[in-house]
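A short worksheet on the structure shown next.
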Amino acid sequence: MFVQRMLAALAILAATAGGVMADSGVMIIDFSREDGPAWRPIDDLVMGGISSSRLRPTAEGTALFEGDLSLENNGGFASVSAATGSLDISKHSGVEIRVRGDGKRYRLRLRTDDRFDGVAYQAGFSTHEREWQTVRLPFGEFLPTFRGRILEGAESLATDHIHQLGLMIADRQAGSFRLEVAWIRAYGDVNAANP
């Protein structure tokens with residue numbers, strides 16, 4: 001009985017503390033590790049805006065995407081981006097992210113090239129203030145965009161060669177923002193779903 005209780009407690013701890021779930025997923029970024037990619041801010045300064053953001057590690061082994069979103073000077077977005085190399089997650093169903101937010105809406109962005117500018121595929125998600133949650137984003141929810149506009153007729157996301165991923169806040173949500181992230185991973189197994 002004691003062993004069963006301990007196993008159940010460990011399963012709950014893994015789910016609530018950002019552990020990896022056993023559904024044949026693959027970790028993309030685990031912020032508790034020190035060998036992760038470098039993140040760079042890409043804010044509306046490129047358009048004359050004055051928003052600012054950064055992603056920094058925390059003492060708890062997570063990362064904090066934080067800053068200030070301003071609508072002045074035709075601004076309105078703040079983001080960070082990291083290179084992933086050439087990542088093949090085509091055998092999976094989507095991407096999930098473990099976050100503790102501030103009640104605002106964010107976007108996870110994927111890119112299939114190494115360029116600074118170009119097409120980005122993004123999916124939005126809402127957060128609950130000061131509450132950890134695991135958000136699942138199926139690949140079908142990632143829309144092709146270019147400089148904030150959805151591209152009609154563009155190719156769908158090529159999940160066999162992801163080169164960059166990023167986090168963004170936009171949608172006229174002016175003010176300070178704070179999104180804590182534990183990890184980002186691909187989830188599901190398309191072969192298991194479609195034998």
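We name chains A, B, ... following the order of the structure tokens; residues begin at 1 in each chain, and ligands are numbered from 1 as shown.
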
**OP:** Compile the contact shell of A:Asp68 as a PyMOL selection string: residues with an atom at most 8 Å away, counting only C-alpha atoms, same-chain residues fewer than 5 positions apart removed.
**Re:** chain A and resi 51-53+78+174-177

Subject >> Polymer residues at most 6 Å from A:Lys91, only C-alpha atoms, same-chain spacing of 2 or more positions, as a list in words >> reply: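 Residues near the query, excluding close chain neighbours: Ile89, Asp189 and Val190 of chain A.
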
Selection to disk with N, CA and C atoms, as a compact mmCIF listing (two decimals), in the first residue's frame:
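Here's the written file part.txt:
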# COMPACT_ATOMS: atom_id res chain seq x y z
N ILE A 89 9.90 16.81 -35.92
CA ILE A 89 8.87 16.37 -34.98
C ILE A 89 7.63 15.90 -35.73
N ASP A 189 1.95 10.50 -30.79
CA ASP A 189 2.62 9.67 -31.78
C ASP A 189 1.64 9.42 -32.90
N VAL A 190 1.86 10.01 -34.07
CA VAL A 190 0.90 9.86 -35.16
C VAL A 190 0.82 8.41 -35.63

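When DSSP reads the backbone of this structure, the residues of chain A it assigns to alpha helix (DSSP H) are Phe2, Val3, Gln4, Arg5, Met6, Leu7, Ala8, Ala9, Leu10, Ala11, Ile12, Leu13, Ala14, Ala15, Thr16, Val190, Asn191, Ala192 and Ala193 of chain A.
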
Original post:
Hey, what's within 9 Å of A:Val99 if we count only C-alpha atoms and toss same-chain stuff fewer than 5 positions away? As number ranges by chain, please?
Top reply: A: 18, 127, 131-135, 179-183

Keeping C-alpha atoms for every residue in the selection just given, could you write it to a file as a tab-separated table (two decimals), in the first residue's frame?
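Contents of result.tsv, freshly written:
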chain	number	residue	atom	x	y	z
A	18	GLY	CA	6.67	20.10	-15.21
A	127	THR	CA	-3.15	31.60	-19.41
A	131	GLU	CA	-1.50	28.93	-12.13
A	132	TRP	CA	0.59	26.21	-13.76
A	133	GLN	CA	-0.99	24.64	-16.83
A	134	THR	CA	0.07	22.38	-19.67
A	135	VAL	CA	-1.21	23.71	-23.00
A	179	LEU	CA	5.01	34.12	-18.59
A	180	GLU	CA	7.00	31.45	-16.75
A	181	VAL	CA	7.88	28.39	-18.84
A	182	ALA	CA	9.10	25.00	-17.56
A	183	TRP	CA	9.44	23.15	-20.87

Sorted by chain and rising residue number, list the residues of stretch 50-143 of chain A at most 8 Å from stretch 149-170 of chain A (counting only C-alpha atoms), each with its closest atom pair and distance in Å to one decimal, as CSV.
residue,atom,partner,partner_atom,distance
A:Phe65,CA,A:Leu167,CA,7.9
A:Leu69,CA,A:Ala170,CA,7.8
A:Gly76,CA,A:Ala170,CA,5.7
A:Phe77,CA,A:Ala170,CA,4.4
A:Ala78,CA,A:Ile169,CA,5.6
A:Ser79,CA,A:Met168,CA,4.2
A:Val80,CA,A:Gly166,CA,5.4
A:Ser81,CA,A:Gly166,CA,4.1
A:Ala82,CA,A:Gln164,CA,5.6
A:Ala83,CA,A:Gln164,CA,4.4
A:Thr84,CA,A:His163,CA,5.1
A:Gly85,CA,A:His163,CA,5.1
A:Ser86,CA,A:His163,CA,5.0
A:Leu87,CA,A:Ile162,CA,4.9
A:Asp88,CA,A:Asp160,CA,4.0
A:Ile89,CA,A:Thr159,CA,5.5
A:Ser90,CA,A:Thr159,CA,4.7
A:Arg105,CA,A:Ile169,CA,6.9
A:Tyr106,CA,A:Ile169,CA,4.9
A:Arg107,CA,A:Met168,CA,5.0
A:Leu108,CA,A:Leu167,CA,4.9
A:Arg109,CA,A:Gly166,CA,4.8
A:Leu110,CA,A:Leu165,CA,4.5
A:Arg111,CA,A:Gln164,CA,5.0
A:Thr112,CA,A:Ile162,CA,4.6
A:Asp113,CA,A:His163,CA,5.3
A:Asp114,CA,A:His163,CA,6.0
A:Tyr121,CA,A:Leu157,CA,6.7
A:Phe139,CA,A:Leu157,CA,7.4
A:Phe142,CA,A:Leu157,CA,7.2
A:Leu143,CA,A:Ile150,CA,6.8

Original post:
A:Gly61, A:Gly49, A:Gly94, A:Pro37: which is nearest A:Asn74, counting only C-alpha atoms?
Top reply: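 Between A:Gly61, A:Gly49, A:Gly94, A:Pro37, the residue approaching A:Asn74 most closely is A:Gly49.
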
**OP:** Taking the DSSP assignment computed from this structure's backbone, write out as JSON, numbers by chain all residues of chain A that belong to strand (DSSP E).
**Re:** {"A": [26, 27, 28, 29, 30, 39, 40, 41, 52, 53, 54, 55, 56, 57, 63, 64, 65, 66, 67, 68, 69, 78, 79, 80, 81, 82, 83, 84, 85, 86, 87, 94, 95, 96, 97, 98, 99, 100, 105, 106, 107, 108, 109, 110, 111, 120, 121, 122, 123, 124, 125, 126, 132, 133, 134, 135, 136, 137, 138, 143, 144, 145, 146, 149, 150, 162, 163, 164, 165, 166, 167, 168, 169, 175, 176, 177, 178, 179, 180, 181, 182, 183, 184, 185, 186, 187]}

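With atom CA of A:His128 on one side and atom CA of A:Ile184 on the other, the separation reads 17.8 Å.
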
**OP:** Find the spatial neighbours of A:Gly75, counting only C-alpha atoms, within a cut-off of 9 Å - ignore same-chain residues fewer than 3 positions away - and output them as a list in words.
**Re:**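 So, after excluding close chain neighbours, the residues are Asp43, Asp44, Leu45, Met47, Gly48, Gly49, Ile50, Ser51, Leu69, Ser70, Leu71 and Glu72 of chain A.
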
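For the choices A:Arg33, A:His92, A:Arg172, A:Arg56, the atom-to-atom distance to A:Lys104 is smallest for A:Arg172 when using only C-alpha atoms.
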